[in-house]
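Dropping my_file25.pdb in here (PDB, C-alpha atoms and all ligand atoms):
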ATOM      1  CA  MET A  92     119.686 110.072 249.741
ATOM      2  CA  GLN A  93     117.895 107.826 247.190
ATOM      3  CA  THR A  94     118.597 108.306 243.462
ATOM      4  CA  LEU A  95     115.757 109.061 241.050
ATOM      5  CA  ASP A  96     116.146 105.618 239.470
ATOM      6  CA  ALA A  97     115.772 103.922 242.837
ATOM      7  CA  ARG A  98     112.802 106.143 243.703
ATOM      8  CA  LEU A  99     111.074 105.345 240.379
ATOM      9  CA  ARG A 100     111.672 101.618 240.915
ATOM     10  CA  ASP A 101     110.389 101.816 244.465
ATOM     11  CA  ILE A 102     107.202 103.597 243.385
ATOM     12  CA  ALA A 103     106.695 101.185 240.457
ATOM     13  CA  ASP A 104     107.006  98.219 242.848
ATOM     14  CA  ARG A 105     104.528  99.740 245.271
ATOM     15  CA  MET A 106     102.144 100.541 242.424
ATOM     16  CA  ASN A 107     102.328  96.987 241.087
ATOM     17  CA  ALA A 108     101.593  95.605 244.552
ATOM     18  CA  ALA A 109      98.652  98.011 244.980
ATOM     19  CA  LEU A 110      97.180  97.149 241.562
ATOM     20  CA  ASP A 111      97.682  93.441 242.215
ATOM     21  CA  GLN A 112      95.656  93.805 245.393
ATOM     22  CA  LEU A 113      93.007  96.139 243.887
ATOM     23  CA  LEU A 114      92.406  93.864 240.879
ATOM     24  CA  PRO A 115      92.063  90.407 242.461
ATOM     25  CA  ARG A 116      91.471  87.334 240.310
ATOM     26  CA  VAL A 117      87.920  85.965 240.425
ATOM     27  CA  GLN A 118      86.355  82.583 239.763
ATOM     28  CA  GLY A 119      83.514  81.949 237.362
ATOM     29  CA  PRO A 120      82.609  83.077 233.862
ATOM     30  CA  GLU A 121      84.005  86.592 234.331
ATOM     31  CA  ALA A 122      87.468  85.269 235.315
ATOM     32  CA  ARG A 123      88.738  86.091 231.806
ATOM     33  CA  LEU A 124      87.787  89.762 232.231
ATOM     34  CA  LEU A 125      89.845  90.131 235.421
ATOM     35  CA  GLU A 126      92.748  88.242 233.833
ATOM     36  CA  ALA A 127      92.670  90.711 230.930
ATOM     37  CA  MET A 128      92.486  93.746 233.256
ATOM     38  CA  ARG A 129      95.464  92.398 235.204
ATOM     39  CA  TYR A 130      97.414  91.644 232.001
ATOM     40  CA  ALA A 131      97.045  95.295 230.959
ATOM     41  CA  ALA A 132      97.495  96.925 234.362
ATOM     42  CA  LEU A 133     100.386  94.833 235.669
ATOM     43  CA  GLY A 134     102.528  95.271 232.538
ATOM     44  CA  ALA A 135     105.896  97.011 232.523
ATOM     45  CA  GLY A 136     104.631 100.601 232.676
ATOM     46  CA  LYS A 137     106.960 103.351 233.847
ATOM     47  CA  ARG A 138     104.376 104.414 236.466
ATOM     48  CA  LEU A 139     105.191 108.052 235.818
ATOM     49  CA  ARG A 140     101.762 109.337 236.771
ATOM     50  CA  PRO A 141     101.856 107.515 240.138
ATOM     51  CA  PHE A 142     105.355 108.911 240.647
ATOM     52  CA  LEU A 143     104.030 112.452 240.103
ATOM     53  CA  THR A 144     101.141 111.951 242.552
ATOM     54  CA  LEU A 145     103.335 110.418 245.243
ATOM     55  CA  GLU A 146     106.106 112.982 244.877
ATOM     56  CA  ALA A 147     103.773 115.989 244.824
ATOM     57  CA  GLY A 148     101.959 114.637 247.893
ATOM     58  CA  ALA A 149     105.161 113.754 249.751
ATOM     59  CA  MET A 150     106.207 117.431 249.671
ATOM     60  CA  PHE A 151     103.247 118.176 251.961
ATOM     61  CA  ASP A 152     103.461 115.029 254.098
ATOM     62  CA  ALA A 153     100.227 113.707 252.604
ATOM     63  CA  ASP A 154      98.911 110.381 253.777
ATOM     64  CA  GLU A 155     100.815 107.670 251.834
ATOM     65  CA  SER A 156      97.942 105.245 251.525
ATOM     66  CA  ALA A 157      95.620 107.952 250.139
ATOM     67  CA  LEU A 158      98.285 108.896 247.611
ATOM     68  CA  LEU A 159      98.919 105.303 246.583
ATOM     69  CA  ARG A 160      95.239 104.450 246.094
ATOM     70  CA  THR A 161      94.644 107.671 244.147
ATOM     71  CA  ALA A 162      97.692 106.948 241.992
ATOM     72  CA  ALA A 163      96.351 103.429 241.358
ATOM     73  CA  ALA A 164      93.045 104.915 240.200
ATOM     74  CA  ILE A 165      94.900 107.242 237.812
ATOM     75  CA  GLU A 166      96.955 104.314 236.513
ATOM     76  CA  CYS A 167      93.745 102.336 235.877
ATOM     77  CA  ILE A 168      92.497 105.204 233.700
ATOM     78  CA  HIS A 169      95.840 105.498 231.908
ATOM     79  CA  THR A 170      95.890 101.730 231.260
ATOM     80  CA  TYR A 171      92.335 101.714 229.922
ATOM     81  CA  SER A 172      93.248 104.537 227.542
ATOM     82  CA  LEU A 173      96.198 102.530 226.184
ATOM     83  CA  VAL A 174      94.062  99.386 225.786
ATOM     84  CA  HIS A 175      91.369 101.240 223.840
ATOM     85  CA  ASP A 176      93.911 103.283 221.873
ATOM     86  CA  ASP A 177      95.521 100.031 220.660
ATOM     87  CA  LEU A 178      92.240  98.579 219.336
ATOM     88  CA  PRO A 179      91.824  97.985 215.586
ATOM     89  CA  CYS A 180      89.179 100.750 215.440
ATOM     90  CA  MET A 181      91.721 103.252 216.813
ATOM     91  CA  ASP A 182      95.499 102.877 216.362
ATOM     92  CA  ASP A 183      95.427  99.154 215.614
ATOM     93  CA  ASP A 184      98.648  98.229 217.420
ATOM     94  CA  ASP A 185     100.108  94.793 218.066
ATOM     95  CA  LEU A 186     102.730  95.707 220.646
ATOM     96  CA  ARG A 187     102.506  97.561 223.954
ATOM     97  CA  ARG A 188     105.079  97.640 226.771
ATOM     98  CA  GLY A 189     107.018  95.019 224.797
ATOM     99  CA  LEU A 190     104.152  92.510 224.822
ATOM    100  CA  PRO A 191     101.209  91.723 222.534
ATOM    101  CA  THR A 192      98.458  94.306 222.973
ATOM    102  CA  LEU A 193      95.445  93.168 224.958
ATOM    103  CA  HIS A 194      93.175  92.478 221.972
ATOM    104  CA  ARG A 195      96.001  90.427 220.406
ATOM    105  CA  GLN A 196      96.599  88.431 223.579
ATOM    106  CA  PHE A 197      92.875  87.947 224.301
ATOM    107  CA  ASP A 198      90.315  89.211 221.754
ATOM    108  CA  GLU A 199      88.699  92.499 220.812
ATOM    109  CA  ALA A 200      85.535  92.180 222.869
ATOM    110  CA  THR A 201      87.571  91.272 225.961
ATOM    111  CA  ALA A 202      89.857  94.261 225.370
ATOM    112  CA  VAL A 203      86.904  96.662 225.113
ATOM    113  CA  LEU A 204      85.391  95.228 228.292
ATOM    114  CA  ALA A 205      88.695  95.181 230.186
ATOM    115  CA  GLY A 206      89.160  98.876 229.311
ATOM    116  CA  ASP A 207      85.615  99.589 230.506
ATOM    117  CA  GLY A 208      86.323  97.629 233.680
ATOM    118  CA  LEU A 209      89.517  99.570 234.421
ATOM    119  CA  LEU A 210      87.853 102.923 233.746
ATOM    120  CA  THR A 211      84.998 102.137 236.105
ATOM    121  CA  HIS A 212      87.227 100.591 238.737
ATOM    122  CA  ALA A 213      89.195 103.840 239.037
ATOM    123  CA  PHE A 214      86.127 105.605 240.424
ATOM    124  CA  GLU A 215      85.263 102.692 242.705
ATOM    125  CA  ILE A 216      88.757 103.002 244.222
ATOM    126  CA  LEU A 217      88.399 106.761 244.746
ATOM    127  CA  SER A 218      84.906 106.505 246.247
ATOM    128  CA  ASP A 219      86.053 103.960 248.849
ATOM    129  CA  PRO A 220      86.551 105.467 252.354
ATOM    130  CA  ALA A 221      89.845 103.539 252.448
ATOM    131  CA  THR A 222      91.161 106.141 249.962
ATOM    132  CA  HIS A 223      90.338 109.092 252.222
ATOM    133  CA  ARG A 224      88.225 109.393 255.334
ATOM    134  CA  ASP A 225      86.820 112.800 254.260
ATOM    135  CA  PRO A 226      83.919 112.341 251.775
ATOM    136  CA  GLN A 227      84.459 115.870 250.445
ATOM    137  CA  MET A 228      88.029 115.008 249.506
ATOM    138  CA  ARG A 229      86.832 111.829 247.806
ATOM    139  CA  CYS A 230      84.329 113.883 245.772
ATOM    140  CA  LEU A 231      87.062 116.360 244.778
ATOM    141  CA  LEU A 232      89.291 113.522 243.601
ATOM    142  CA  ILE A 233      86.471 111.845 241.679
ATOM    143  CA  ALA A 234      85.453 115.115 240.005
ATOM    144  CA  GLY A 235      89.052 116.022 239.169
ATOM    145  CA  LEU A 236      89.788 112.643 237.605
ATOM    146  CA  ALA A 237      86.498 112.641 235.684
ATOM    147  CA  ARG A 238      87.257 116.095 234.245
ATOM    148  CA  ALA A 239      90.810 115.141 233.262
ATOM    149  CA  ALA A 240      89.850 111.819 231.688
ATOM    150  CA  GLY A 241      86.438 112.523 230.193
ATOM    151  CA  ALA A 242      84.861 114.292 227.256
ATOM    152  CA  HIS A 243      86.448 117.635 228.203
ATOM    153  CA  GLY A 244      89.874 116.071 228.717
ATOM    154  CA  MET A 245      91.606 112.917 227.488
ATOM    155  CA  VAL A 246      88.658 111.496 225.544
ATOM    156  CA  ALA A 247      88.182 114.823 223.742
ATOM    157  CA  GLY A 248      91.884 114.826 222.806
ATOM    158  CA  GLN A 249      91.600 111.289 221.465
ATOM    159  CA  MET A 250      88.544 112.284 219.384
ATOM    160  CA  ILE A 251      90.444 115.207 217.862
ATOM    161  CA  ASP A 252      93.351 112.856 217.116
ATOM    162  CA  MET A 253      91.106 110.170 215.586
ATOM    163  CA  ALA A 254      89.201 112.680 213.487
ATOM    164  CA  GLY A 255      92.492 113.957 212.054
ATOM    165  CA  ALA A 256      91.079 117.339 212.962
ATOM    166  CA  THR A 257      94.456 119.045 213.300
ATOM    167  CA  VAL A 258      95.163 120.580 209.928
ATOM    168  CA  ALA A 259      98.704 121.147 208.718
ATOM    169  CA  GLY A 260     100.296 124.266 210.136
ATOM    170  CA  ASP A 261      97.757 124.732 212.906
ATOM    171  CA  MET A 262     100.152 124.642 215.830
ATOM    172  CA  ALA A 263      97.547 125.865 218.336
ATOM    173  CA  ALA A 264      95.144 123.061 217.430
ATOM    174  CA  VAL A 265      97.865 120.414 217.800
ATOM    175  CA  ALA A 266      98.954 121.899 221.123
ATOM    176  CA  ARG A 267      95.354 121.814 222.358
ATOM    177  CA  MET A 268      94.956 118.188 221.266
ATOM    178  CA  ASN A 269      98.091 117.252 223.210
ATOM    179  CA  ARG A 270      96.969 119.204 226.259
ATOM    180  CA  LEU A 271      93.734 117.223 226.324
ATOM    181  CA  LYS A 272      94.935 113.794 225.177
ATOM    182  CA  THR A 273      98.056 113.515 227.308
ATOM    183  CA  GLY A 274      98.433 116.657 229.423
ATOM    184  CA  ALA A 275      95.143 116.590 231.327
ATOM    185  CA  LEU A 276      95.836 113.282 233.116
ATOM    186  CA  ILE A 277      99.459 114.206 233.834
ATOM    187  CA  GLN A 278      98.278 117.517 235.277
ATOM    188  CA  PHE A 279      95.707 115.805 237.470
ATOM    189  CA  SER A 280      98.341 113.332 238.688
ATOM    190  CA  VAL A 281     100.327 116.229 240.150
ATOM    191  CA  GLU A 282      97.273 118.156 241.355
ATOM    192  CA  ALA A 283      95.886 115.112 243.168
ATOM    193  CA  GLY A 284      99.050 114.874 245.272
ATOM    194  CA  ALA A 285      98.832 118.566 246.145
ATOM    195  CA  LEU A 286      95.123 118.259 246.926
ATOM    196  CA  ILE A 287      95.560 115.280 249.278
ATOM    197  CA  GLY A 288      98.481 117.082 250.904
ATOM    198  CA  ALA A 289      96.353 120.241 251.415
ATOM    199  CA  ALA A 290      99.063 122.296 249.715
ATOM    200  CA  PRO A 291      98.696 126.092 250.013
ATOM    201  CA  ASP A 292      97.448 128.015 246.957
ATOM    202  CA  ASP A 293     100.821 129.325 245.788
ATOM    203  CA  ALA A 294     102.281 125.820 245.885
ATOM    204  CA  ARG A 295      99.317 124.358 244.015
ATOM    205  CA  HIS A 296      99.568 126.997 241.301
ATOM    206  CA  ALA A 297     103.290 126.401 240.884
ATOM    207  CA  LEU A 298     102.733 122.645 240.647
ATOM    208  CA  THR A 299      99.972 123.074 238.075
ATOM    209  CA  ARG A 300     102.297 125.169 235.905
ATOM    210  CA  TYR A 301     105.036 122.542 236.326
ATOM    211  CA  ALA A 302     102.564 119.812 235.311
ATOM    212  CA  THR A 303     101.376 121.739 232.239
ATOM    213  CA  ASN A 304     104.940 121.995 230.958
ATOM    214  CA  VAL A 305     105.669 118.368 231.777
ATOM    215  CA  GLY A 306     102.507 117.216 229.959
ATOM    216  CA  THR A 307     103.444 119.106 226.807
ATOM    217  CA  LEU A 308     107.035 117.984 226.770
ATOM    218  CA  PHE A 309     106.014 114.391 227.545
ATOM    219  CA  GLN A 310     103.901 114.284 224.382
ATOM    220  CA  MET A 311     106.628 115.944 222.304
ATOM    221  CA  VAL A 312     109.165 113.368 223.466
ATOM    222  CA  ASP A 313     106.629 110.651 222.583
ATOM    223  CA  ASP A 314     106.320 112.123 219.083
ATOM    224  CA  LEU A 315     110.131 112.314 218.790
ATOM    225  CA  LEU A 316     110.388 108.652 219.846
ATOM    226  CA  ASP A 317     107.852 107.784 217.164
ATOM    227  CA  VAL A 318     110.234 109.327 214.609
ATOM    228  CA  GLU A 319     113.591 108.375 216.090
ATOM    229  CA  GLY A 320     112.962 105.450 218.435
ATOM    230  CA  ALA A 321     113.208 101.730 217.773
ATOM    231  CA  ALA A 322     110.360  99.347 218.554
ATOM    232  CA  ALA A 323     112.800  97.134 220.492
ATOM    233  CA  GLU A 324     113.436 100.036 222.881
ATOM    234  CA  THR A 325     110.019 101.691 223.061
ATOM    235  CA  GLY A 326     108.110  98.394 223.342
ATOM    236  CA  LYS A 327     105.567  99.653 220.798
ATOM    237  CA  ALA A 328     105.388 100.303 217.080
ATOM    238  CA  VAL A 329     107.208 103.400 215.798
ATOM    239  CA  ASP A 330     106.789 105.617 212.716
ATOM    240  CA  LYS A 331     103.038 105.415 213.241
ATOM    241  CA  ASP A 332     102.169 109.081 212.914
ATOM    242  CA  ALA A 333     104.029 109.700 209.654
ATOM    243  CA  ALA A 334     102.610 106.497 208.149
ATOM    244  CA  ALA A 335      99.097 107.618 209.110
ATOM    245  CA  GLY A 336      99.755 111.120 207.756
ATOM    246  CA  LYS A 337      99.171 112.567 211.229
ATOM    247  CA  ILE A 338     100.260 116.066 212.123
ATOM    248  CA  ASN A 339     102.087 116.544 215.420
ATOM    249  CA  LEU A 340     104.454 119.098 216.874
ATOM    250  CA  VAL A 341     107.481 117.234 215.491
ATOM    251  CA  SER A 342     106.121 117.244 211.942
ATOM    252  CA  LEU A 343     105.313 120.948 212.355
ATOM    253  CA  LEU A 344     108.567 122.073 214.001
ATOM    254  CA  GLY A 345     110.981 119.488 212.595
ATOM    255  CA  VAL A 346     113.086 117.218 214.804
ATOM    256  CA  GLU A 347     115.598 119.919 215.783
ATOM    257  CA  GLY A 348     112.881 122.512 216.399
ATOM    258  CA  ALA A 349     110.954 120.054 218.571
ATOM    259  CA  ARG A 350     114.065 119.169 220.571
ATOM    260  CA  GLN A 351     114.715 122.851 221.178
ATOM    261  CA  GLN A 352     111.133 123.322 222.347
ATOM    262  CA  VAL A 353     111.485 120.305 224.670
ATOM    263  CA  ARG A 354     114.601 121.861 226.228
ATOM    264  CA  LEU A 355     112.746 125.144 226.754
ATOM    265  CA  LEU A 356     109.745 123.435 228.341
ATOM    266  CA  ALA A 357     112.033 121.376 230.589
ATOM    267  CA  ALA A 358     113.783 124.507 231.850
ATOM    268  CA  GLN A 359     110.439 126.217 232.478
ATOM    269  CA  ALA A 360     109.056 123.185 234.322
ATOM    270  CA  LYS A 361     112.029 123.202 236.681
ATOM    271  CA  GLU A 362     111.755 126.952 237.264
ATOM    272  CA  HIS A 363     108.207 126.478 238.555
ATOM    273  CA  LEU A 364     109.654 124.267 241.298
ATOM    274  CA  ALA A 365     112.017 126.963 242.628
ATOM    275  CA  LEU A 366     109.600 127.708 245.467
ATOM    276  CA  PHE A 367     110.100 124.215 246.917
ATOM    277  CA  GLY A 368     113.904 124.127 247.085
ATOM    278  CA  SER A 369     115.402 120.690 247.681
ATOM    279  CA  ARG A 370     111.987 119.211 248.541
ATOM    280  CA  SER A 371     111.236 119.020 244.808
ATOM    281  CA  LYS A 372     114.529 117.293 243.906
ATOM    282  CA  PHE A 373     112.841 114.209 242.412
ATOM    283  CA  LEU A 374     110.155 116.182 240.568
ATOM    284  CA  SER A 375     112.911 118.276 239.045
ATOM    285  CA  GLU A 376     115.088 115.284 238.098
ATOM    286  CA  ALA A 377     112.037 113.563 236.608
ATOM    287  CA  VAL A 378     111.913 116.290 233.966
ATOM    288  CA  ASP A 379     115.329 115.183 232.667
ATOM    289  CA  PHE A 380     114.251 111.547 232.882
ATOM    290  CA  ILE A 381     111.241 112.308 230.661
ATOM    291  CA  VAL A 382     113.357 114.303 228.197
ATOM    292  CA  GLU A 383     115.953 111.548 227.937
ATOM    293  CA  ARG A 384     113.621 108.554 228.002
ATOM    294  CA  ARG A 385     113.977 105.993 225.192
ATOM    295  CA  TYR A 386     110.736 104.090 225.951
TER     296      TYR A 386
HETATM  297  C1  LIG B 401      91.288 105.706 223.994
HETATM  298  C2  LIG B 401      89.982 107.302 225.460
HETATM  299  C3  LIG B 401      91.222 106.932 224.825
HETATM  300  C4  LIG B 401      92.291 107.738 225.017
HETATM  301  C5  LIG B 401      93.600 107.421 224.498
HETATM  302  C6  LIG B 401      96.584 108.417 226.037
HETATM  303  C7  LIG B 401      95.878 108.115 224.786
HETATM  304  C8  LIG B 401      94.501 108.588 224.690
HETATM  305  C9  LIG B 401      96.413 107.379 223.814
HETATM  306  C10 LIG B 401      97.727 106.790 223.872
HETATM  307  C11 LIG B 401      98.472 107.166 222.656
HETATM  308  C12 LIG B 401      99.764 107.711 223.012
HETATM  309  C13 LIG B 401     100.924 106.828 222.726
HETATM  310  C14 LIG B 401      99.859 108.920 223.559
HETATM  311  C15 LIG B 401     101.140 109.498 223.878
HETATM  312  C16 LIG B 401     101.350 109.752 225.293
HETATM  313  C17 LIG B 401     101.193 108.543 226.085
HETATM  314  C18 LIG B 401      99.977 108.464 226.894
HETATM  315  C19 LIG B 401     102.132 107.602 226.095
HETATM  316  C20 LIG B 401     102.095 106.401 226.906
HETATM  317  O1  LIG B 401     102.317 106.726 228.244
HETATM  318  P1  LIG B 401     103.583 106.181 229.044
HETATM  319  O2  LIG B 401     104.823 106.386 228.237
HETATM  320  O3  LIG B 401     103.233 104.636 229.066
HETATM  321  O4  LIG B 401     103.566 106.753 230.419
HETATM  322  P2  LIG B 401     103.636 103.509 230.123
HETATM  323  O5  LIG B 401     103.571 102.237 229.305
HETATM  324  O6  LIG B 401     105.011 103.768 230.665
HETATM  325  O7  LIG B 401     102.591 103.543 231.188
END

Full structure transcribed into structure tokens:
Amino acid sequence: MQTLDARLRDIADRMNAALDQLLPRVQGPEARLLEAMRYAALGAGKRLRPFLTLEAGAMFDADESALLRTAAAIECIHTYSLVHDDLPCMDDDDLRRGLPTLHRQFDEATAVLAGDGLLTHAFEILSDPATHRDPQMRCLLIAGLARAAGAHGMVAGQMIDMAGATVAGDMAAVARMNRLKTGALIQFSVEAGALIGAAPDDARHALTRYATNVGTLFQMVDDLLDVEGAAAETGKAVDKDAAAGKINLVSLLGVEGARQQVRLLAAQAKEHLALFGSRSKFLSEAVDFIVERRY
């Protein structure tokens, strides 16, 4: 039986190959745009969202190619969000995945356009019959990704974050921001696998609850890494939130309180998988991987 590490590496390799093929270089004046999109998308990401889609789908013997293309679309959205988040008008970061951010490597206008290109390309991938032969399924995937990523999901969470709209002490508001900014796309990553695999209702509900816990704990670990991590390990700047005076669950609960909450969420996430027995081995082990991650 494969280890989780080997499985994550295998999925990352397959994702890189899929993105390489889905984002081909072009000739002509727009060559720079595709180079920039590839620079961002083919970087050293953990490919956690693709892992969640492929693992959730594999439990129901879903078609591998449909899962892989859907995961690539999700990764395009995730990458665009990082590119735009790093821009001077947002978080103004110089380092991402251990390399210069896209606007540093290229320029700001190219970074905005490369993000736009990746966002749009995600929906082109999903609408292609090569993703799924059933047009209704393609529509469900497109609608689900749009909801998770758009103005009622990730973009709304980013707006709340940018506006500094989470006042000190307002735990519920911070939790909602996290649910939208980070949780919505993680949740869709799991749901997409279940959808393509035509999972029964009870399984889909259990997976959604698993994904909700994973999304929340993922963001809390990210906030802990911002406080405790080192840029050399995380591949991005640290201590950003405190320097910007931002409120997050770590500043509200304290480091120890946040760690305790992470442990609780991790246990809950795994409990939601009980229904699947050994079939959910990797999804369960991934919870520990996320808790223990240093980057
Ligand atoms: C700009 C529309 C728009 C949205 C940005 C996701 C996001 C919203 C901003 C990123 C800021 C951030 C660091 C959020 C914390 C959670 C997160 C998404 C971390 C990065 O995801 P990983 O760790 O990254 O999966 P890799 O590099 O492994 O893909």

For the structure provided, state which residues fall under the PyMOL selection byres (((not hetatm)) within 6 of (chain B and resi 401)), and present them as a PDB file with C-alpha atoms, in the coordinates of the input.
ATOM      1  CA  GLY A 136     104.631 100.601 232.676  1.00  0.00           C
ATOM      2  CA  LYS A 137     106.960 103.351 233.847  1.00  0.00           C
ATOM      3  CA  ARG A 138     104.376 104.414 236.466  1.00  0.00           C
ATOM      4  CA  LEU A 139     105.191 108.052 235.818  1.00  0.00           C
ATOM      5  CA  SER A 172      93.248 104.537 227.542  1.00  0.00           C
ATOM      6  CA  LEU A 173      96.198 102.530 226.184  1.00  0.00           C
ATOM      7  CA  HIS A 175      91.369 101.240 223.840  1.00  0.00           C
ATOM      8  CA  ASP A 176      93.911 103.283 221.873  1.00  0.00           C
ATOM      9  CA  ARG A 188     105.079  97.640 226.771  1.00  0.00           C
ATOM     10  CA  MET A 245      91.606 112.917 227.488  1.00  0.00           C
ATOM     11  CA  VAL A 246      88.658 111.496 225.544  1.00  0.00           C
ATOM     12  CA  GLN A 249      91.600 111.289 221.465  1.00  0.00           C
ATOM     13  CA  LYS A 272      94.935 113.794 225.177  1.00  0.00           C
ATOM     14  CA  THR A 273      98.056 113.515 227.308  1.00  0.00           C
ATOM     15  CA  GLN A 310     103.901 114.284 224.382  1.00  0.00           C
ATOM     16  CA  ASP A 313     106.629 110.651 222.583  1.00  0.00           C
TER      17      ASP A 313
END

Query raised in the report: Where does the PyMOL selection byres (((chain A and resi 131) around 12) and not hetatm) land in this file, that is, which residues does it pick, as a PyMOL selection string?
Result: chain A and resi 107+110-111+114+124-130+132-136+166-175+177+186-197+201-206+208-209

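Here CA of Ala254 in chain A stands at a distance of 13.6 Å from CA of Asn339 in chain A.
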
Report task. Just the residues within 7 Å of range 383-386 of chain A, please, counting only C-alpha atoms, with nothing from its chain fewer than 2 positions along; format it as number ranges by chain. Result -> A: 316, 320, 324-326, 379-381

Proximity check range 153-248 of chain A to range 267-270 of chain A, 12 Å, nearest pairs one decimal Å, only C-alpha atoms, as CSV:
residue,atom,partner,partner_atom,distance
A:Ala239,CA,A:Arg270,CA,10.2
A:Ala240,CA,A:Arg270,CA,11.6
A:His243,CA,A:Arg270,CA,10.8
A:Gly244,CA,A:Arg270,CA,8.1
A:Met245,CA,A:Arg270,CA,8.4
A:Val246,CA,A:Met268,CA,10.1
A:Ala247,CA,A:Met268,CA,8.0
A:Gly248,CA,A:Met268,CA,4.8

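In this model, the gap between CA of Thr161 in chain A and CA of Ala302 in chain A comes to 17.0 Å.
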
Query raised in the report: Could you pull the residues within 9 Å of Thr144 in chain A, counting all atoms listed in the file, minus those fewer than 6 positions along the same chain, as a ChimeraX atom specification?
Result: /A:158-159,161-162,279-285

Range 291-293 of chain A: which residues within 12 Å, counting only C-alpha atoms, same-chain residues fewer than 4 positions away excluded, as an mmCIF file with C-alpha atoms, in the frame of the given file?
data_model
loop_
_atom_site.group_PDB
_atom_site.id
_atom_site.type_symbol
_atom_site.label_atom_id
_atom_site.label_comp_id
_atom_site.auth_asym_id
_atom_site.auth_seq_id
_atom_site.Cartn_x
_atom_site.Cartn_y
_atom_site.Cartn_z
ATOM 1 C CA MET A 150 106.207 117.431 249.671
ATOM 2 C CA PHE A 151 103.247 118.176 251.961
ATOM 3 C CA GLU A 282 97.273 118.156 241.355
ATOM 4 C CA ALA A 285 98.832 118.566 246.145
ATOM 5 C CA LEU A 286 95.123 118.259 246.926
ATOM 6 C CA ILE A 287 95.560 115.280 249.278
ATOM 7 C CA ALA A 297 103.290 126.401 240.884
ATOM 8 C CA LEU A 298 102.733 122.645 240.647
ATOM 9 C CA THR A 299 99.972 123.074 238.075
ATOM 10 C CA ARG A 300 102.297 125.169 235.905
ATOM 11 C CA HIS A 363 108.207 126.478 238.555
ATOM 12 C CA LEU A 364 109.654 124.267 241.298
ATOM 13 C CA ALA A 365 112.017 126.963 242.628
ATOM 14 C CA LEU A 366 109.600 127.708 245.467
ATOM 15 C CA PHE A 367 110.100 124.215 246.917
#

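Using the PyMOL selection byres (((chain A and resi 355) around 12) and not hetatm) on the file at hand returns these residues: Asn304, Val305, Thr307, Leu308, Met311, Gly348, Ala349, Arg350, Gln351, Gln352, Val353, Arg354, Leu356, Ala357, Ala358, Gln359, Ala360, Lys361, Glu362, Val378, Asp379 and Val382 of chain A.
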
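The coordinates place CA of Lys331 in chain A at 12.0 Å from CA of Asp185 in chain A.
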
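With all atoms listed in the file as the atoms that count, the minimum distance from Ala164 in chain A to the choices A:Asp252, A:Asp219, A:Asp261, A:Asp183 is reached by A:Asp219.
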
Query raised in the report: When distances are computed from all atoms listed in the file, which of A:Ser342, A:Arg295, A:Ala377, A:Thr222 shows the smallest separation from Gly148 in chain A?
Result: A:Arg295

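Remark: for Ala237 in chain A, the closest of the candidate residues A:Leu143, A:Asp207, A:Ala328, A:Leu276 is A:Leu276 (distances computed over all atoms listed in the file).
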
Query raised in the report: With all atoms listed in the file as the atoms that count, which of A:Met228, A:Ala163, A:Ile277, A:Val318 lies nearest to Asp332 in chain A?
Result: A:Val318

Query raised in the report: Which residue out of A:Val346, A:Ala275, A:Gly288, A:Ser369 has the minimum interatomic distance to Ala147 in chain A when only C-alpha atoms are used?
Result: A:Gly288

Query raised in the report: Which is closest to Thr303 in chain A among A:Ala333, A:Leu95, A:Ala266, A:Ala290, if we use all atoms listed in the file?
Result: A:Ala266
